[in-house]
2 protein chains.
Amino acid sequence: MPPDPDAIVGNGDDAAVLRLPDSRVVATTDMLVENRHFRLEWSTGTDVGVKAAAQNLADVAAMGAIPVALLVGLAAPRDLPVAWAEDLAGGLALEAGRAGAHVVGGDLSGADEIVVSVTALGTLAGAAPVTRGGARPSDVVAVTGRLGHAAAGLALLGAGLAEPAGLIAAQRRPAPPYEAGPEAAALGATAMIDTSDGLVQDLGHVAAASGVAIDLDTARLRPGPELAAAARALERAASSAGGPAAAGSPAAQWGSAAAELGPAASAPGLGWVLSGGEDHALAATFPRNIALPSHWTVIGEVREGHGVRVDGMNYQGQAGWQHFR
Amino acid sequence: MPPDPDAIVGNGDDAAVLRLPDSRVVATTDMLVENRHFRLEWSTGTDVGVKAAAQNLADVAAMGAIPVALLVGLAAPRDLPVAWAEDLAGGLALEAGRAGAHVVGGDLSGADEIVVSVTALGTLAGAAPVTRGGARPSDVVAVTGRLGHAAAGLALLGAGLAEPAGLIAAQRRPAPPYEAGPEAAALGATAMIDTSDGLVQDLGHVAAASGVAIDLDTARLRPGPELAAAARALERAASSAGGPAAAGSPAAQWGSAAAELGPAASAPGLGWVLSGGEDHALAATFPRNIALPSHWTVIGEVREGHGVRVDGMNYQGQAGWQHFR
């Protein structure tokens with residue numbers, strides 16, 4: 001990959017030195033742990049690198065900032081194939097490049113299981129940061145990026161299914177809409193978050209930080225055909241497996257079974273849209289008079305009060321992203 | 001601890017936003033893994049927090065920069081006592097505070113073993129960074145901070161000895177001389193590194209990056225009375241245990257046995273001074289006409305050539321910091 005044009009001192013010294021457009025730096029860190037955030041039998045090293053980079057880069061974008069750099073730590077067993085570690089580095093560089101950022105530092109250590117730690121740095125390039133705390137009553141709520149795809153892909157993998165392949169790819173390699181972060185800031189977004197834990201749960205953080213209520217309208221959150229197909233495939237797999245354990249499995253719950261919301265919410269796959277994490281879509285609130293580009297979908301509005309309501313009801317579905325174990 | 005005066009957005013949003021004195025950021029990351037970089041039976045949570053913070057903050061200081069912020073990831077088993085995690089956070093905050101920095105972000109995950117990942121950010125506050133690559137022939141080499149104490153403490157712990165207590169404390173809690181980093185930059189240091197892997201090995205990085213040779217003079221690296229006492233105590237312990245295995249243990253080697261260097265290098269404890277890591281002392285090169293403050297000790301000089309020589313010989317002692325296993 002090309003050298004980082006912002007690097008005054010790159011990888012290989014005690015620390016990297018980067019030049020930013022202004023004197024503020026945006027910084028966030030996250031870890032991925034083997035068998036909790038990824039499985040070697042389901043993901044390649046490249047996949048894990050993409051995922052580790054994406055979840056951190058999306059946090060930078062969710063501040064309205066432009067990603068600039070990644071620092072990466074890898075702790076791994078001595079017998080980890082070198083090719084896997086190289087693929088990991090390749091995946092990190094690939095996704096960093098997609099966001100316009102570079103890997104500028106790293107650390108390698110032995111460990112009994114694989115732990116990938118990523119820190120992302122970004123710049124606001126003169127703009128004000130968009131926090132979780134600025135949503136105001138009468139704002140609209142809008143999203144851009146995939147919703148529920150990664151969760152559906154996880155359910156498919158767990159059930160041993162290989163289709164729809166696009167959802168499994170979404171679980172392996174999230175594709176956050178990084179450019180929409182600074183775009184939202186420029187459009188006047190009042191609050192923003194990335195959907196790492198699930199739409200309802202993450203908007204709950206915005207509602208709490210802003211001291212407002214958020215109302216979502218499931219008529220505007222229709223699952224696409226891939227999600228509907230996945231829900232049907234999992235339902236078939238569960239019923240052919242038979243028994244209450246299979247019917248009550250997380251996969252079946254996530255894909256459908258939003259019964260408490262009433263008829264409008266019975267669409268197959270809606271559970272994933274509302275509660276599925278790891279897509280790193282961006283959800284933001286905007287003053288209602290702002291004309292949003294078409295890749296932003298208005299899904300609800302901000303009101304006085306607290307909490308997140310779905311179709312006017314307190315949503316009691318899945319609490320959001322779960323560890324494998 | 002007091003809130004970070006530099007934080008525009010602190011912990012609790014998608015990412016932290018910090019204001020720096022200028023538009024450059026210094027960044028570095030390192031991991032500590034249980035049973036490789038620390039042992040629960042030898043270190044408290046506070047100790048591990050101090051050590052994790054110190055090794056990253058020292059890397060910032062070694063660029064001539066002022067530490068500003070830490071981001072921390074903790075992956076740990078579910079049954080890790082909450083008190084241990086709180087102590088870890090306390091140790092991180094304690095050492096960050098000693099360096100003038102704040103913890104501004106974090107992530108928590110499950111794992112089978114404890115992994116602490118720290119990223120440190122810093123500012124050059126208008127100065128130029130001091131890399132490893134600027135040493136020039138005729139410069140002097142100087143150090144400030146402890147040398148060999150952490151390694152001696154590790155050897156004592158490994159042998160089940162409790163004295164000298166100051167060396168064991170140095171292993172548990174490194175105390176890098178952070179302020180000496182920007183000080184060296186202001187004095188005109190041409191290259192700098194922190195001694196994380198051992199003096200000779202780390203100066204080898206400076207020599208390689210600068211394309212020069214470094215000559216060290218052991219007459220200027222006399223081990224203090226604590227190191228000499230530790231070396232004698234370990235020699236007694238090894239000889240009372242008897243047998244060639246005990247005599248050839250790493251503890252015995254590190255404490256003495258620099259026989260190939262000749263009589264001048266026979267001082268007990270010199271092996272630790274030359275090769276012991278984890279003290280995070282600062283070693284820098286300066287033009288020889290610069291008057292250095294008394295806490296900097298001149299230990300050698302830069303010449304044409306390559307590699308590090310000790311008393312004119314290629315040093316073949318311990319290769320530097322070793323993993324526990």
# chains A, B, ... in the order shown; residues from 1 in each chain; ligands from 1
>>> residues_around(residues="region 217-227 of chain A", least_positions_apart="3", cutoff="8 Å", atoms="only C-alpha atoms", output="VMD selection string")
chain A and resid 148 to 149 152 164 166 to 167 230 to 231 255 264 to 265 267 to 270 273 297 to 300 310 to 311
>>> select_by_dssp(residues="region 24-222 of chain B", states="alpha helix (DSSP H)", output="JSON, numbers by chain")
{"B": [45, 46, 47, 48, 49, 50, 51, 52, 53, 54, 55, 56, 57, 58, 59, 60, 61, 82, 83, 84, 85, 86, 87, 88, 89, 90, 91, 92, 93, 94, 95, 96, 97, 98, 149, 150, 151, 152, 153, 154, 155, 156, 157, 158, 165, 166, 167, 168, 169, 170, 171, 172, 180, 181, 182, 183, 184, 185, 186, 187, 199, 200, 201, 202, 203, 204, 205, 206, 207, 208, 209, 210]}
>>> closest_atom_pairs(of="chain B", to="chain A", cutoff="8 Å", atoms="only C-alpha atoms", output="CSV")
residue,atom,partner,partner_atom,distance
B:Val9,CA,A:Thr131,CA,7.7
B:Asp13,CA,A:Arg132,CA,6.4
B:Asp14,CA,A:Asp59,CA,5.0
B:Ala15,CA,A:Thr28,CA,4.7
B:Ala16,CA,A:Ala27,CA,5.2
B:Val17,CA,A:Val26,CA,4.4
B:Leu18,CA,A:Val25,CA,5.3
B:Arg19,CA,A:Arg24,CA,4.4
B:Leu20,CA,A:Ser23,CA,5.2
B:Pro21,CA,A:Ser23,CA,6.5
B:Asp22,CA,A:Ser23,CA,5.1
B:Ser23,CA,A:Ser23,CA,4.0
B:Arg24,CA,A:Arg19,CA,4.3
B:Val25,CA,A:Leu18,CA,5.3
B:Val26,CA,A:Val17,CA,4.5
B:Ala27,CA,A:Ala16,CA,5.2
B:Thr28,CA,A:Ala15,CA,4.7
B:Thr29,CA,A:Gly106,CA,6.2
B:Asp30,CA,A:Asp107,CA,5.4
B:Met31,CA,A:Gly73,CA,6.5
B:Leu32,CA,A:Ser109,CA,7.9
B:Val33,CA,A:Ala111,CA,6.5
B:Arg36,CA,A:Gly110,CA,7.3
B:Asp59,CA,A:Asp14,CA,5.0
B:Val60,CA,A:Ala15,CA,6.1
B:Ala62,CA,A:Asp14,CA,6.5
B:Met63,CA,A:Asp14,CA,6.7
B:Leu71,CA,A:Thr29,CA,6.4
B:Val72,CA,A:Thr29,CA,7.1
B:Gly73,CA,A:Asp30,CA,6.5
B:Ala75,CA,A:Met31,CA,7.6
B:Gly105,CA,A:Thr28,CA,6.3
B:Gly106,CA,A:Thr29,CA,6.2
B:Asp107,CA,A:Asp30,CA,5.4
B:Leu108,CA,A:Met31,CA,7.7
B:Ser109,CA,A:Met31,CA,7.0
B:Gly110,CA,A:Arg36,CA,7.4
B:Ala111,CA,A:Val33,CA,6.5
B:Asp112,CA,A:Glu113,CA,7.5
B:Glu113,CA,A:Asp112,CA,7.5
B:Val115,CA,A:Val115,CA,7.8
B:Ser117,CA,A:Ser117,CA,6.8
B:Thr119,CA,A:Thr119,CA,7.0
B:Pro129,CA,A:Val17,CA,7.7
B:Thr131,CA,A:Asp13,CA,6.5
B:Arg132,CA,A:Asp13,CA,6.4
B:Ile193,CA,A:Asp14,CA,6.6
B:Asp194,CA,A:Asp14,CA,7.6
>>> closest_residue(among="A:Val212, A:Leu147, A:Leu80, A:Ile66", to="Leu40 (chain A)", atoms="only C-alpha atoms")
A:Leu80
>>> residues_around(residues="Gly198 (chain B)", least_positions_apart="3", cutoff="6 Å", atoms="only C-alpha atoms", output="PyMOL selection string")
chain B and resi 195+201-202+275-277+320
>>> decode(residues="region 30-43 of chain A", atoms="N, CA and C atoms", output="mmCIF file, in the first residue's frame")
data_model
loop_
_atom_site.group_PDB
_atom_site.id
_atom_site.type_symbol
_atom_site.label_atom_id
_atom_site.label_comp_id
_atom_site.auth_asym_id
_atom_site.auth_seq_id
_atom_site.Cartn_x
_atom_site.Cartn_y
_atom_site.Cartn_z
ATOM 1 N N ASP A 30 -10.928 -0.874 20.178
ATOM 2 C CA ASP A 30 -11.781 -2.058 20.313
ATOM 3 C C ASP A 30 -10.939 -3.307 20.125
ATOM 4 N N MET A 31 -11.372 -4.372 20.769
ATOM 5 C CA MET A 31 -10.674 -5.656 20.651
ATOM 6 C C MET A 31 -11.572 -6.695 19.999
ATOM 7 N N LEU A 32 -10.963 -7.616 19.264
ATOM 8 C CA LEU A 32 -11.657 -8.804 18.765
ATOM 9 C C LEU A 32 -10.972 -10.028 19.353
ATOM 10 N N VAL A 33 -11.753 -10.907 19.952
ATOM 11 C CA VAL A 33 -11.205 -12.094 20.598
ATOM 12 C C VAL A 33 -11.737 -13.338 19.889
ATOM 13 N N GLU A 34 -10.800 -14.246 19.614
ATOM 14 C CA GLU A 34 -11.124 -15.523 18.961
ATOM 15 C C GLU A 34 -12.264 -16.238 19.701
ATOM 16 N N ASN A 35 -13.165 -16.795 18.946
ATOM 17 C CA ASN A 35 -14.306 -17.562 19.463
ATOM 18 C C ASN A 35 -15.338 -16.710 20.198
ATOM 19 N N ARG A 36 -15.080 -15.423 20.305
ATOM 20 C CA ARG A 36 -16.083 -14.517 20.849
ATOM 21 C C ARG A 36 -16.551 -13.545 19.772
ATOM 22 N N HIS A 37 -15.599 -12.967 19.047
ATOM 23 C CA HIS A 37 -15.947 -12.021 17.988
ATOM 24 C C HIS A 37 -15.730 -12.601 16.598
ATOM 25 N N PHE A 38 -15.007 -13.681 16.515
ATOM 26 C CA PHE A 38 -14.826 -14.364 15.228
ATOM 27 C C PHE A 38 -14.463 -15.815 15.502
ATOM 28 N N ARG A 39 -14.676 -16.650 14.495
ATOM 29 C CA ARG A 39 -14.256 -18.043 14.569
ATOM 30 C C ARG A 39 -13.381 -18.355 13.372
ATOM 31 N N LEU A 40 -12.288 -19.074 13.634
ATOM 32 C CA LEU A 40 -11.358 -19.387 12.551
ATOM 33 C C LEU A 40 -12.015 -20.234 11.467
ATOM 34 N N GLU A 41 -13.012 -21.042 11.842
ATOM 35 C CA GLU A 41 -13.655 -21.889 10.823
ATOM 36 C C GLU A 41 -14.646 -21.102 9.983
ATOM 37 N N TRP A 42 -15.019 -19.905 10.418
ATOM 38 C CA TRP A 42 -15.982 -19.113 9.658
ATOM 39 C C TRP A 42 -15.358 -17.919 8.947
ATOM 40 N N SER A 43 -14.191 -17.503 9.400
ATOM 41 C CA SER A 43 -13.585 -16.283 8.869
ATOM 42 C C SER A 43 -12.124 -16.517 8.530
#
